[in-house]
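Shown here: run-v3.cif, mmCIF, N, CA and C atoms.
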data_upload
loop_
_atom_site.label_atom_id
_atom_site.label_comp_id
_atom_site.auth_asym_id
_atom_site.auth_seq_id
_atom_site.Cartn_x
_atom_site.Cartn_y
_atom_site.Cartn_z
N MET A 1 -64.97 -8.64 24.30
CA MET A 1 -63.80 -8.92 23.48
C MET A 1 -62.54 -8.47 24.22
N SER A 2 -61.56 -9.33 24.30
CA SER A 2 -60.33 -8.94 24.98
C SER A 2 -59.44 -8.16 24.02
N ILE A 3 -58.61 -7.32 24.59
CA ILE A 3 -57.67 -6.54 23.78
C ILE A 3 -56.41 -7.36 23.59
N TYR A 4 -56.01 -7.53 22.35
CA TYR A 4 -54.78 -8.27 22.06
C TYR A 4 -53.56 -7.41 22.36
N LYS A 5 -52.57 -8.04 22.99
CA LYS A 5 -51.33 -7.36 23.34
C LYS A 5 -50.23 -7.75 22.35
N ILE A 6 -49.57 -6.73 21.82
CA ILE A 6 -48.53 -6.94 20.82
C ILE A 6 -47.23 -6.29 21.30
N LEU A 7 -46.13 -7.03 21.19
CA LEU A 7 -44.81 -6.46 21.45
C LEU A 7 -44.20 -6.07 20.11
N LEU A 8 -43.79 -4.82 19.98
CA LEU A 8 -43.17 -4.30 18.77
C LEU A 8 -41.72 -3.93 19.07
N ALA A 9 -40.78 -4.57 18.38
CA ALA A 9 -39.35 -4.29 18.57
C ALA A 9 -38.76 -3.82 17.24
N ASP A 10 -38.37 -2.55 17.20
CA ASP A 10 -37.76 -1.98 16.00
C ASP A 10 -36.90 -0.80 16.42
N ASP A 11 -35.71 -0.68 15.85
CA ASP A 11 -34.82 0.40 16.24
C ASP A 11 -35.10 1.71 15.51
N GLU A 12 -35.98 1.70 14.52
CA GLU A 12 -36.33 2.93 13.81
C GLU A 12 -37.52 3.59 14.50
N ILE A 13 -37.27 4.74 15.13
CA ILE A 13 -38.30 5.40 15.92
C ILE A 13 -39.50 5.81 15.05
N ALA A 14 -39.25 6.28 13.84
CA ALA A 14 -40.35 6.72 12.97
C ALA A 14 -41.26 5.54 12.59
N LEU A 15 -40.65 4.40 12.29
CA LEU A 15 -41.44 3.22 11.94
C LEU A 15 -42.20 2.70 13.16
N ARG A 16 -41.55 2.69 14.31
CA ARG A 16 -42.24 2.28 15.54
C ARG A 16 -43.46 3.17 15.80
N PHE A 17 -43.29 4.47 15.61
CA PHE A 17 -44.40 5.41 15.82
C PHE A 17 -45.54 5.09 14.85
N LEU A 18 -45.23 4.93 13.56
CA LEU A 18 -46.25 4.64 12.55
C LEU A 18 -46.98 3.34 12.87
N LEU A 19 -46.24 2.30 13.21
CA LEU A 19 -46.86 1.00 13.47
C LEU A 19 -47.68 1.03 14.76
N THR A 20 -47.16 1.71 15.77
CA THR A 20 -47.91 1.81 17.03
C THR A 20 -49.22 2.55 16.81
N GLU A 21 -49.18 3.67 16.10
CA GLU A 21 -50.40 4.44 15.82
C GLU A 21 -51.38 3.60 15.01
N THR A 22 -50.88 2.95 13.96
CA THR A 22 -51.72 2.15 13.08
C THR A 22 -52.40 1.01 13.85
N LEU A 23 -51.63 0.28 14.63
CA LEU A 23 -52.18 -0.87 15.35
C LEU A 23 -53.04 -0.44 16.53
N SER A 24 -52.68 0.65 17.19
CA SER A 24 -53.51 1.16 18.29
C SER A 24 -54.88 1.59 17.77
N ASP A 25 -54.90 2.19 16.58
CA ASP A 25 -56.17 2.60 15.96
C ASP A 25 -57.08 1.40 15.70
N GLU A 26 -56.47 0.21 15.56
CA GLU A 26 -57.24 -1.02 15.34
C GLU A 26 -57.66 -1.66 16.65
N GLY A 27 -57.26 -1.05 17.77
CA GLY A 27 -57.67 -1.56 19.08
C GLY A 27 -56.67 -2.47 19.77
N TYR A 28 -55.47 -2.59 19.22
CA TYR A 28 -54.45 -3.42 19.84
C TYR A 28 -53.68 -2.63 20.90
N ALA A 29 -53.24 -3.31 21.96
CA ALA A 29 -52.39 -2.70 22.98
C ALA A 29 -50.94 -2.98 22.61
N ILE A 30 -50.16 -1.93 22.37
CA ILE A 30 -48.79 -2.07 21.87
C ILE A 30 -47.78 -1.73 22.95
N SER A 31 -46.78 -2.60 23.12
CA SER A 31 -45.61 -2.31 23.93
C SER A 31 -44.45 -2.15 22.96
N GLU A 32 -43.68 -1.08 23.10
CA GLU A 32 -42.57 -0.82 22.18
C GLU A 32 -41.23 -0.99 22.87
N VAL A 33 -40.28 -1.59 22.14
CA VAL A 33 -38.89 -1.62 22.56
C VAL A 33 -38.04 -1.30 21.34
N GLU A 34 -36.78 -0.89 21.58
CA GLU A 34 -35.98 -0.43 20.46
C GLU A 34 -34.84 -1.35 20.03
N ASP A 35 -34.67 -2.48 20.72
CA ASP A 35 -33.66 -3.42 20.25
C ASP A 35 -34.00 -4.84 20.71
N GLY A 36 -33.23 -5.78 20.21
CA GLY A 36 -33.50 -7.19 20.50
C GLY A 36 -33.32 -7.57 21.96
N GLN A 37 -32.34 -6.98 22.63
CA GLN A 37 -32.12 -7.29 24.04
C GLN A 37 -33.32 -6.83 24.87
N GLN A 38 -33.82 -5.63 24.58
CA GLN A 38 -34.99 -5.12 25.29
C GLN A 38 -36.21 -6.01 25.02
N ALA A 39 -36.31 -6.51 23.80
CA ALA A 39 -37.43 -7.41 23.46
C ALA A 39 -37.37 -8.66 24.33
N MET A 40 -36.19 -9.23 24.49
CA MET A 40 -36.04 -10.43 25.31
C MET A 40 -36.40 -10.14 26.77
N GLU A 41 -35.95 -8.99 27.26
CA GLU A 41 -36.26 -8.62 28.64
C GLU A 41 -37.77 -8.43 28.83
N GLN A 42 -38.42 -7.79 27.87
CA GLN A 42 -39.86 -7.55 27.95
C GLN A 42 -40.63 -8.87 27.90
N LEU A 43 -40.17 -9.79 27.08
CA LEU A 43 -40.83 -11.09 26.95
C LEU A 43 -40.72 -11.92 28.23
N GLN A 44 -39.73 -11.62 29.05
CA GLN A 44 -39.59 -12.31 30.33
C GLN A 44 -40.48 -11.71 31.40
N LYS A 45 -40.93 -10.47 31.18
CA LYS A 45 -41.76 -9.77 32.17
C LYS A 45 -43.26 -9.93 31.92
N GLU A 46 -43.65 -10.04 30.65
CA GLU A 46 -45.06 -9.95 30.30
C GLU A 46 -45.43 -10.97 29.24
N THR A 47 -46.72 -11.30 29.16
CA THR A 47 -47.17 -12.20 28.09
C THR A 47 -47.87 -11.38 27.02
N TYR A 48 -47.75 -11.85 25.79
CA TYR A 48 -48.30 -11.17 24.63
C TYR A 48 -49.09 -12.15 23.77
N ASP A 49 -49.84 -11.58 22.84
CA ASP A 49 -50.59 -12.39 21.89
C ASP A 49 -49.85 -12.52 20.56
N LEU A 50 -48.94 -11.56 20.31
CA LEU A 50 -48.21 -11.53 19.03
C LEU A 50 -46.97 -10.68 19.22
N ILE A 51 -45.92 -10.99 18.45
CA ILE A 51 -44.67 -10.23 18.50
C ILE A 51 -44.33 -9.78 17.08
N ILE A 52 -43.91 -8.52 16.96
CA ILE A 52 -43.42 -7.99 15.68
C ILE A 52 -41.97 -7.58 15.91
N LEU A 53 -41.06 -8.20 15.17
CA LEU A 53 -39.62 -7.95 15.32
C LEU A 53 -39.03 -7.44 14.02
N ASP A 54 -38.17 -6.43 14.13
CA ASP A 54 -37.36 -6.02 12.99
C ASP A 54 -36.21 -7.03 12.87
N TYR A 55 -35.79 -7.31 11.65
CA TYR A 55 -34.68 -8.26 11.47
C TYR A 55 -33.39 -7.65 12.02
N MET A 56 -33.01 -6.47 11.52
CA MET A 56 -31.74 -5.85 11.89
C MET A 56 -31.95 -4.84 13.01
N MET A 57 -31.51 -5.22 14.22
CA MET A 57 -31.59 -4.33 15.38
C MET A 57 -30.28 -4.42 16.15
N PRO A 58 -29.98 -3.38 16.94
CA PRO A 58 -28.80 -3.46 17.81
C PRO A 58 -28.99 -4.55 18.87
N GLU A 59 -27.90 -4.96 19.45
CA GLU A 59 -27.85 -5.96 20.53
C GLU A 59 -28.19 -7.37 20.05
N ARG A 60 -29.42 -7.59 19.61
CA ARG A 60 -29.85 -8.89 19.08
C ARG A 60 -30.71 -8.67 17.85
N THR A 61 -30.56 -9.51 16.84
CA THR A 61 -31.43 -9.40 15.66
C THR A 61 -32.79 -10.01 15.98
N GLY A 62 -33.77 -9.71 15.15
CA GLY A 62 -35.09 -10.32 15.32
C GLY A 62 -35.03 -11.84 15.23
N VAL A 63 -34.17 -12.35 14.37
CA VAL A 63 -34.02 -13.80 14.22
C VAL A 63 -33.43 -14.40 15.50
N GLU A 64 -32.45 -13.73 16.10
CA GLU A 64 -31.87 -14.23 17.35
C GLU A 64 -32.90 -14.22 18.47
N VAL A 65 -33.71 -13.17 18.53
CA VAL A 65 -34.75 -13.10 19.56
C VAL A 65 -35.75 -14.24 19.38
N CYS A 66 -36.18 -14.46 18.15
CA CYS A 66 -37.15 -15.52 17.88
C CYS A 66 -36.57 -16.89 18.20
N ASP A 67 -35.33 -17.12 17.81
CA ASP A 67 -34.68 -18.40 18.08
C ASP A 67 -34.58 -18.63 19.59
N TRP A 68 -34.17 -17.61 20.33
CA TRP A 68 -34.10 -17.71 21.79
C TRP A 68 -35.47 -18.05 22.37
N LEU A 69 -36.50 -17.33 21.89
CA LEU A 69 -37.85 -17.51 22.41
C LEU A 69 -38.36 -18.93 22.17
N ARG A 70 -38.20 -19.43 20.94
CA ARG A 70 -38.71 -20.75 20.58
C ARG A 70 -38.01 -21.87 21.36
N HIS A 71 -36.78 -21.64 21.80
CA HIS A 71 -36.02 -22.66 22.53
C HIS A 71 -36.00 -22.41 24.04
N SER A 72 -36.86 -21.52 24.51
CA SER A 72 -36.91 -21.22 25.94
C SER A 72 -38.16 -21.86 26.55
N ASP A 73 -38.32 -21.71 27.84
CA ASP A 73 -39.56 -22.16 28.48
C ASP A 73 -40.45 -20.95 28.79
N ASN A 74 -40.26 -19.88 28.03
CA ASN A 74 -40.99 -18.64 28.20
C ASN A 74 -42.47 -18.82 27.88
N ALA A 75 -43.32 -18.10 28.59
CA ALA A 75 -44.77 -18.18 28.37
C ALA A 75 -45.17 -17.73 26.96
N ASN A 76 -44.33 -16.93 26.31
CA ASN A 76 -44.61 -16.43 24.95
C ASN A 76 -44.05 -17.34 23.86
N ARG A 77 -43.54 -18.46 24.24
CA ARG A 77 -42.81 -19.35 23.33
C ARG A 77 -43.56 -19.69 22.04
N ASP A 78 -44.86 -19.93 22.14
CA ASP A 78 -45.60 -20.44 20.99
C ASP A 78 -46.45 -19.40 20.26
N ILE A 79 -46.34 -18.13 20.64
CA ILE A 79 -47.18 -17.13 19.98
C ILE A 79 -46.60 -16.75 18.62
N PRO A 80 -47.45 -16.19 17.72
CA PRO A 80 -46.96 -15.82 16.40
C PRO A 80 -45.92 -14.71 16.44
N VAL A 81 -44.93 -14.82 15.55
CA VAL A 81 -43.88 -13.80 15.41
C VAL A 81 -43.86 -13.34 13.96
N ILE A 82 -44.00 -12.03 13.78
CA ILE A 82 -43.86 -11.41 12.45
C ILE A 82 -42.48 -10.77 12.40
N LEU A 83 -41.72 -11.06 11.35
CA LEU A 83 -40.41 -10.46 11.16
C LEU A 83 -40.50 -9.42 10.05
N LEU A 84 -40.14 -8.18 10.36
CA LEU A 84 -40.10 -7.10 9.38
C LEU A 84 -38.67 -6.96 8.89
N THR A 85 -38.49 -6.89 7.58
CA THR A 85 -37.11 -6.84 7.10
C THR A 85 -36.98 -6.26 5.71
N ALA A 86 -35.82 -5.68 5.46
CA ALA A 86 -35.46 -5.26 4.11
C ALA A 86 -34.66 -6.37 3.43
N LYS A 87 -34.33 -7.42 4.17
CA LYS A 87 -33.54 -8.53 3.66
C LYS A 87 -34.47 -9.56 3.00
N ALA A 88 -34.54 -9.52 1.69
CA ALA A 88 -35.50 -10.37 0.98
C ALA A 88 -34.86 -11.59 0.31
N LEU A 89 -33.60 -11.85 0.60
CA LEU A 89 -32.93 -13.00 -0.02
C LEU A 89 -33.46 -14.30 0.57
N ASP A 90 -33.44 -15.35 -0.25
CA ASP A 90 -33.92 -16.66 0.21
C ASP A 90 -33.16 -17.16 1.44
N LYS A 91 -31.85 -16.90 1.49
CA LYS A 91 -31.06 -17.38 2.64
C LYS A 91 -31.53 -16.71 3.93
N ASP A 92 -31.94 -15.43 3.84
CA ASP A 92 -32.45 -14.72 5.01
C ASP A 92 -33.80 -15.29 5.44
N LYS A 93 -34.64 -15.61 4.46
CA LYS A 93 -35.94 -16.21 4.76
C LYS A 93 -35.76 -17.58 5.41
N GLU A 94 -34.79 -18.34 4.93
CA GLU A 94 -34.52 -19.66 5.50
C GLU A 94 -34.05 -19.55 6.95
N LYS A 95 -33.17 -18.57 7.22
CA LYS A 95 -32.70 -18.34 8.59
C LYS A 95 -33.88 -18.02 9.50
N ALA A 96 -34.77 -17.16 9.01
CA ALA A 96 -35.93 -16.76 9.80
C ALA A 96 -36.85 -17.95 10.06
N LYS A 97 -37.08 -18.75 9.03
CA LYS A 97 -37.93 -19.92 9.17
C LYS A 97 -37.33 -20.90 10.16
N ALA A 98 -36.02 -21.12 10.07
CA ALA A 98 -35.33 -22.04 10.98
C ALA A 98 -35.42 -21.56 12.43
N ALA A 99 -35.50 -20.24 12.63
CA ALA A 99 -35.58 -19.68 13.98
C ALA A 99 -36.99 -19.73 14.55
N GLY A 100 -37.97 -20.06 13.68
CA GLY A 100 -39.34 -20.18 14.16
C GLY A 100 -40.23 -18.98 13.88
N VAL A 101 -39.78 -18.09 12.98
CA VAL A 101 -40.60 -16.95 12.60
C VAL A 101 -41.87 -17.45 11.92
N THR A 102 -43.01 -16.89 12.29
CA THR A 102 -44.30 -17.33 11.73
C THR A 102 -44.50 -16.74 10.34
N THR A 103 -44.27 -15.43 10.21
CA THR A 103 -44.50 -14.72 8.95
C THR A 103 -43.42 -13.68 8.75
N TYR A 104 -43.09 -13.46 7.49
CA TYR A 104 -42.00 -12.60 7.07
C TYR A 104 -42.61 -11.49 6.22
N ILE A 105 -42.44 -10.22 6.59
CA ILE A 105 -42.95 -9.11 5.79
C ILE A 105 -41.77 -8.25 5.34
N VAL A 106 -41.64 -8.07 4.02
CA VAL A 106 -40.51 -7.34 3.45
C VAL A 106 -40.84 -5.85 3.37
N LYS A 107 -39.88 -5.03 3.84
CA LYS A 107 -39.99 -3.57 3.75
C LYS A 107 -39.63 -3.15 2.33
N PRO A 108 -40.23 -2.12 1.80
CA PRO A 108 -41.33 -1.37 2.39
C PRO A 108 -42.64 -2.16 2.26
N PHE A 109 -43.52 -1.97 3.22
CA PHE A 109 -44.81 -2.65 3.20
C PHE A 109 -45.88 -1.63 3.54
N SER A 110 -47.11 -1.98 3.24
CA SER A 110 -48.21 -1.07 3.56
C SER A 110 -48.72 -1.38 4.96
N PRO A 111 -49.07 -0.35 5.73
CA PRO A 111 -49.65 -0.59 7.04
C PRO A 111 -50.90 -1.48 6.96
N LEU A 112 -51.64 -1.38 5.86
CA LEU A 112 -52.83 -2.23 5.69
C LEU A 112 -52.43 -3.69 5.58
N GLN A 113 -51.31 -3.96 4.91
CA GLN A 113 -50.82 -5.34 4.81
C GLN A 113 -50.49 -5.87 6.20
N LEU A 114 -49.86 -5.03 7.02
CA LEU A 114 -49.53 -5.46 8.38
C LEU A 114 -50.80 -5.72 9.20
N ILE A 115 -51.77 -4.82 9.10
CA ILE A 115 -53.03 -5.00 9.84
C ILE A 115 -53.70 -6.31 9.44
N ASP A 116 -53.73 -6.59 8.13
CA ASP A 116 -54.32 -7.85 7.65
C ASP A 116 -53.57 -9.06 8.21
N THR A 117 -52.24 -9.02 8.17
CA THR A 117 -51.43 -10.13 8.65
C THR A 117 -51.63 -10.34 10.14
N VAL A 118 -51.61 -9.25 10.91
CA VAL A 118 -51.82 -9.33 12.36
C VAL A 118 -53.20 -9.95 12.64
N GLY A 119 -54.22 -9.46 11.95
CA GLY A 119 -55.57 -9.98 12.14
C GLY A 119 -55.67 -11.46 11.85
N GLN A 120 -55.06 -11.90 10.76
CA GLN A 120 -55.09 -13.32 10.40
C GLN A 120 -54.39 -14.19 11.44
N LEU A 121 -53.23 -13.73 11.92
CA LEU A 121 -52.48 -14.52 12.90
C LEU A 121 -53.20 -14.60 14.24
N LEU A 122 -53.88 -13.53 14.63
CA LEU A 122 -54.58 -13.53 15.91
C LEU A 122 -55.89 -14.32 15.86
N GLN A 123 -56.40 -14.56 14.67
CA GLN A 123 -57.64 -15.36 14.54
C GLN A 123 -57.38 -16.85 14.57
N ARG A 124 -56.11 -17.25 14.47
CA ARG A 124 -55.76 -18.68 14.46
C ARG A 124 -56.08 -19.33 15.78
#
Please express the file's structure as structure tokens.
Amino acid sequence: MSIYKILLADDEIALRFLLTETLSDEGYAISEVEDGQQAMEQLQKETYDLIILDYMMPERTGVEVCDWLRHSDNANRDIPVILLTAKALDKDKEKAKAAGVTTYIVKPFSPLQLIDTVGQLLQR
């Protein structure tokens, strides 16, 4: 069985730590970055199986990163993207959908919900 590689981009260090620990315990290899610009740079260097982006980050939002990715010729262009956000308004969901976000998870969420969502997306 190959180890799935996940890019996690979130500016909250405590949440990044929790998610990295949770997903690592499930056997996933996690790369962490703290803002949208770093996420874009990392996506140009390495290939991943899944991306988890926070909506509100410095430099670039998760939606901007996803939109850039979907319209690029990047090797990660077609992989699943999970957007984590406290923004639960329909207009925010529409923006995310238009940018090519695969799944939207509203904060606060349970780590088990994230594990289930990651598992489902990687089984596709």
- Task: Name the closest residue to Glu64 (chain A) among the candidates A:Ile79, A:Ala99, A:Leu89, A:Ile115; distances are taken between atoms, counting only N, CA and C atoms.
- Result: A:Ala99
- Using all atoms listed in the file, which of A:Tyr48, A:Ala86, A:Met40, A:Lys107 sits nearest Leu69 (chain A)? A:Met40
- Surrounding residues of Leu121 (chain A) excluding itself and chain neighbours under 5 positions, 12 Å, only C-alpha atoms, as a PyMOL selection string: chain A and resi 4+6+49-52+79-82+102-103+114-116
- Query: Suppose you want the space between CA of Ala29 (chain A) and atom N of Phe17 (chain A); what is it in Å?
  - Reply: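 Those two atoms sit 13.7 Å apart.
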Would you compute an axis-aligned box for region 13-21 of chain A, covering every atom listed for it in the file with 5 Å of margin on each side, and report centre and edge lengths in Å to one decimal as lines of an AutoDock Vina configuration file?
center_x = -44.3
center_y = 3.9
center_z = 14.5
size_x = 24.1
size_y = 15.7
size_z = 15.1
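Here atom C of Asp90 (chain A) and atom C of Tyr55 (chain A) stand 14.2 Å from one another.
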- Task: Could you give me, as a PyMOL selection string, the residues within 9 Å of Thr20 (chain A), counting only C-alpha atoms and dropping anything in the same chain fewer than 6 positions from it?
- Result: chain A and resi 8+28-32
Using N, CA and C atoms, can you export the residues from the last selection as an mmCIF file, keeping the file's coordinate frame?
data_model
loop_
_atom_site.group_PDB
_atom_site.id
_atom_site.type_symbol
_atom_site.label_atom_id
_atom_site.label_comp_id
_atom_site.auth_asym_id
_atom_site.auth_seq_id
_atom_site.Cartn_x
_atom_site.Cartn_y
_atom_site.Cartn_z
ATOM 1 N N LEU A 8 -43.790 -4.820 19.980
ATOM 2 C CA LEU A 8 -43.170 -4.300 18.770
ATOM 3 C C LEU A 8 -41.720 -3.930 19.070
ATOM 4 N N TYR A 28 -55.470 -2.590 19.220
ATOM 5 C CA TYR A 28 -54.450 -3.420 19.840
ATOM 6 C C TYR A 28 -53.680 -2.630 20.900
ATOM 7 N N ALA A 29 -53.240 -3.310 21.960
ATOM 8 C CA ALA A 29 -52.390 -2.700 22.980
ATOM 9 C C ALA A 29 -50.940 -2.980 22.610
ATOM 10 N N ILE A 30 -50.160 -1.930 22.370
ATOM 11 C CA ILE A 30 -48.790 -2.070 21.870
ATOM 12 C C ILE A 30 -47.780 -1.730 22.950
ATOM 13 N N SER A 31 -46.780 -2.600 23.120
ATOM 14 C CA SER A 31 -45.610 -2.310 23.930
ATOM 15 C C SER A 31 -44.450 -2.150 22.960
ATOM 16 N N GLU A 32 -43.680 -1.080 23.100
ATOM 17 C CA GLU A 32 -42.570 -0.820 22.180
ATOM 18 C C GLU A 32 -41.230 -0.990 22.870
#
- Query: Separation of atom C of Lys5 (chain A) and atom N of Glu94 (chain A), in Å?
  - Reply: 25.6 Å
- Task: Please run DSSP on the backbone and report, as a PyMOL selection string, all residues within region 9-74 of chain A that come out as alpha helix (DSSP H).
- Result: chain A and resi 13-25+36-45+62-70
- Item | Nearest candidate to Val106 (chain A) (options A:Thr47, A:Thr85, A:Ser72, A:Gln120; using only N, CA and C atoms) |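 Among the listed residues, A:Thr85 lies closest to Val106 (chain A).
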- Query: Could you name the residues that touch Leu53 (chain A) at 7 Å or less, counting only C-alpha atoms, but leaving out those on the same chain fewer than 3 positions away, as a VMD selection string?
  - Reply: chain A and resid 8 to 10 62 82 to 84
- Which of region 1-123 of chain A counts as strand (DSSP E or B) under DSSP, as a list in words please?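 Matching residues for strand (DSSP E or B) in region 1-123 of chain A are Lys5, Ile6, Leu7, Leu8, Ala9, Ala29, Ile30, Ser31, Glu32, Val33, Leu50, Ile51, Ile52, Leu53, Asp54, Val81, Ile82, Leu83, Leu84, Thr85, Thr103, Tyr104, Ile105 and Val106 of chain A.
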- Name every residue that the PyMOL selection byres (((chain A and resi 58 and name CA) around 10) and name CA) selects in this structure, writing the answer as a list in words with chains first and numbers rising. Asp10, Asp11, Glu34, Asp35, Gly36, Gln37, Gln38, Tyr55, Met56, Met57, Glu59, Arg60, Thr61 and Gly62 of chain A
- Message: Restricting the calculation to only N, CA and C atoms: of A:Asp54, A:Lys95, A:Glu26, A:Ala39, which residue gets closest to Glu12 (chain A)?
- Response: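 The closest residue to Glu12 (chain A) is A:Asp54.
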Can you give me all heavy atoms for region 59-67 of chain A, written as a PDB file, in the coordinates of the input?
ATOM      1  N   GLU A  59     -27.900  -4.960  19.450  1.00  0.00           N
ATOM      2  CA  GLU A  59     -27.850  -5.960  20.530  1.00  0.00           C
ATOM      3  C   GLU A  59     -28.190  -7.370  20.050  1.00  0.00           C
ATOM      4  O   GLU A  59     -27.358  -8.238  20.104  1.00  0.00           O
ATOM      5  CB  GLU A  59     -28.745  -5.581  21.716  1.00  0.00           C
ATOM      6  CG  GLU A  59     -28.495  -4.214  22.302  1.00  0.00           C
ATOM      7  CD  GLU A  59     -27.053  -3.989  22.745  1.00  0.00           C
ATOM      8  OE1 GLU A  59     -26.414  -4.924  23.246  1.00  0.00           O
ATOM      9  OE2 GLU A  59     -26.581  -2.855  22.590  1.00  0.00           O
ATOM     10  N   ARG A  60     -29.420  -7.590  19.610  1.00  0.00           N
ATOM     11  CA  ARG A  60     -29.850  -8.890  19.080  1.00  0.00           C
ATOM     12  C   ARG A  60     -30.710  -8.670  17.850  1.00  0.00           C
ATOM     13  O   ARG A  60     -31.552  -7.769  17.855  1.00  0.00           O
ATOM     14  CB  ARG A  60     -30.688  -9.668  20.102  1.00  0.00           C
ATOM     15  CG  ARG A  60     -30.033  -9.914  21.423  1.00  0.00           C
ATOM     16  CD  ARG A  60     -28.998 -11.035  21.309  1.00  0.00           C
ATOM     17  NE  ARG A  60     -28.378 -11.268  22.594  1.00  0.00           N
ATOM     18  CZ  ARG A  60     -28.450 -12.402  23.259  1.00  0.00           C
ATOM     19  NH1 ARG A  60     -29.115 -13.427  22.774  1.00  0.00           N
ATOM     20  NH2 ARG A  60     -27.847 -12.531  24.410  1.00  0.00           N
ATOM     21  N   THR A  61     -30.560  -9.510  16.840  1.00  0.00           N
ATOM     22  CA  THR A  61     -31.430  -9.400  15.660  1.00  0.00           C
ATOM     23  C   THR A  61     -32.790 -10.010  15.980  1.00  0.00           C
ATOM     24  O   THR A  61     -32.933 -10.771  16.946  1.00  0.00           O
ATOM     25  CB  THR A  61     -30.845 -10.143  14.439  1.00  0.00           C
ATOM     26  OG1 THR A  61     -30.870 -11.553  14.708  1.00  0.00           O
ATOM     27  CG2 THR A  61     -29.432  -9.667  14.116  1.00  0.00           C
ATOM     28  N   GLY A  62     -33.770  -9.710  15.150  1.00  0.00           N
ATOM     29  CA  GLY A  62     -35.090 -10.320  15.320  1.00  0.00           C
ATOM     30  C   GLY A  62     -35.030 -11.840  15.230  1.00  0.00           C
ATOM     31  O   GLY A  62     -35.737 -12.550  15.950  1.00  0.00           O
ATOM     32  N   VAL A  63     -34.170 -12.350  14.370  1.00  0.00           N
ATOM     33  CA  VAL A  63     -34.020 -13.800  14.220  1.00  0.00           C
ATOM     34  C   VAL A  63     -33.430 -14.400  15.500  1.00  0.00           C
ATOM     35  O   VAL A  63     -33.890 -15.454  15.969  1.00  0.00           O
ATOM     36  CB  VAL A  63     -33.147 -14.139  12.985  1.00  0.00           C
ATOM     37  CG1 VAL A  63     -32.761 -15.604  12.963  1.00  0.00           C
ATOM     38  CG2 VAL A  63     -33.896 -13.770  11.708  1.00  0.00           C
ATOM     39  N   GLU A  64     -32.450 -13.730  16.100  1.00  0.00           N
ATOM     40  CA  GLU A  64     -31.870 -14.230  17.350  1.00  0.00           C
ATOM     41  C   GLU A  64     -32.900 -14.220  18.470  1.00  0.00           C
ATOM     42  O   GLU A  64     -32.962 -15.165  19.267  1.00  0.00           O
ATOM     43  CB  GLU A  64     -30.660 -13.369  17.751  1.00  0.00           C
ATOM     44  CG  GLU A  64     -29.456 -13.561  16.863  1.00  0.00           C
ATOM     45  CD  GLU A  64     -28.352 -12.555  17.139  1.00  0.00           C
ATOM     46  OE1 GLU A  64     -28.625 -11.439  17.626  1.00  0.00           O
ATOM     47  OE2 GLU A  64     -27.186 -12.895  16.838  1.00  0.00           O
ATOM     48  N   VAL A  65     -33.710 -13.170  18.530  1.00  0.00           N
ATOM     49  CA  VAL A  65     -34.750 -13.100  19.560  1.00  0.00           C
ATOM     50  C   VAL A  65     -35.750 -14.240  19.380  1.00  0.00           C
ATOM     51  O   VAL A  65     -36.102 -14.933  20.339  1.00  0.00           O
ATOM     52  CB  VAL A  65     -35.482 -11.736  19.531  1.00  0.00           C
ATOM     53  CG1 VAL A  65     -36.674 -11.741  20.478  1.00  0.00           C
ATOM     54  CG2 VAL A  65     -34.527 -10.602  19.881  1.00  0.00           C
ATOM     55  N   CYS A  66     -36.180 -14.460  18.150  1.00  0.00           N
ATOM     56  CA  CYS A  66     -37.150 -15.520  17.880  1.00  0.00           C
ATOM     57  C   CYS A  66     -36.570 -16.890  18.200  1.00  0.00           C
ATOM     58  O   CYS A  66     -37.232 -17.731  18.820  1.00  0.00           O
ATOM     59  CB  CYS A  66     -37.629 -15.445  16.434  1.00  0.00           C
ATOM     60  SG  CYS A  66     -39.018 -16.550  16.102  1.00  0.00           S
ATOM     61  N   ASP A  67     -35.330 -17.120  17.810  1.00  0.00           N
ATOM     62  CA  ASP A  67     -34.680 -18.400  18.080  1.00  0.00           C
ATOM     63  C   ASP A  67     -34.580 -18.630  19.590  1.00  0.00           C
ATOM     64  O   ASP A  67     -34.886 -19.723  20.086  1.00  0.00           O
ATOM     65  CB  ASP A  67     -33.287 -18.427  17.435  1.00  0.00           C
ATOM     66  CG  ASP A  67     -32.639 -19.787  17.536  1.00  0.00           C
ATOM     67  OD1 ASP A  67     -33.235 -20.766  17.052  1.00  0.00           O
ATOM     68  OD2 ASP A  67     -31.538 -19.873  18.112  1.00  0.00           O
TER      69      ASP A  67
END
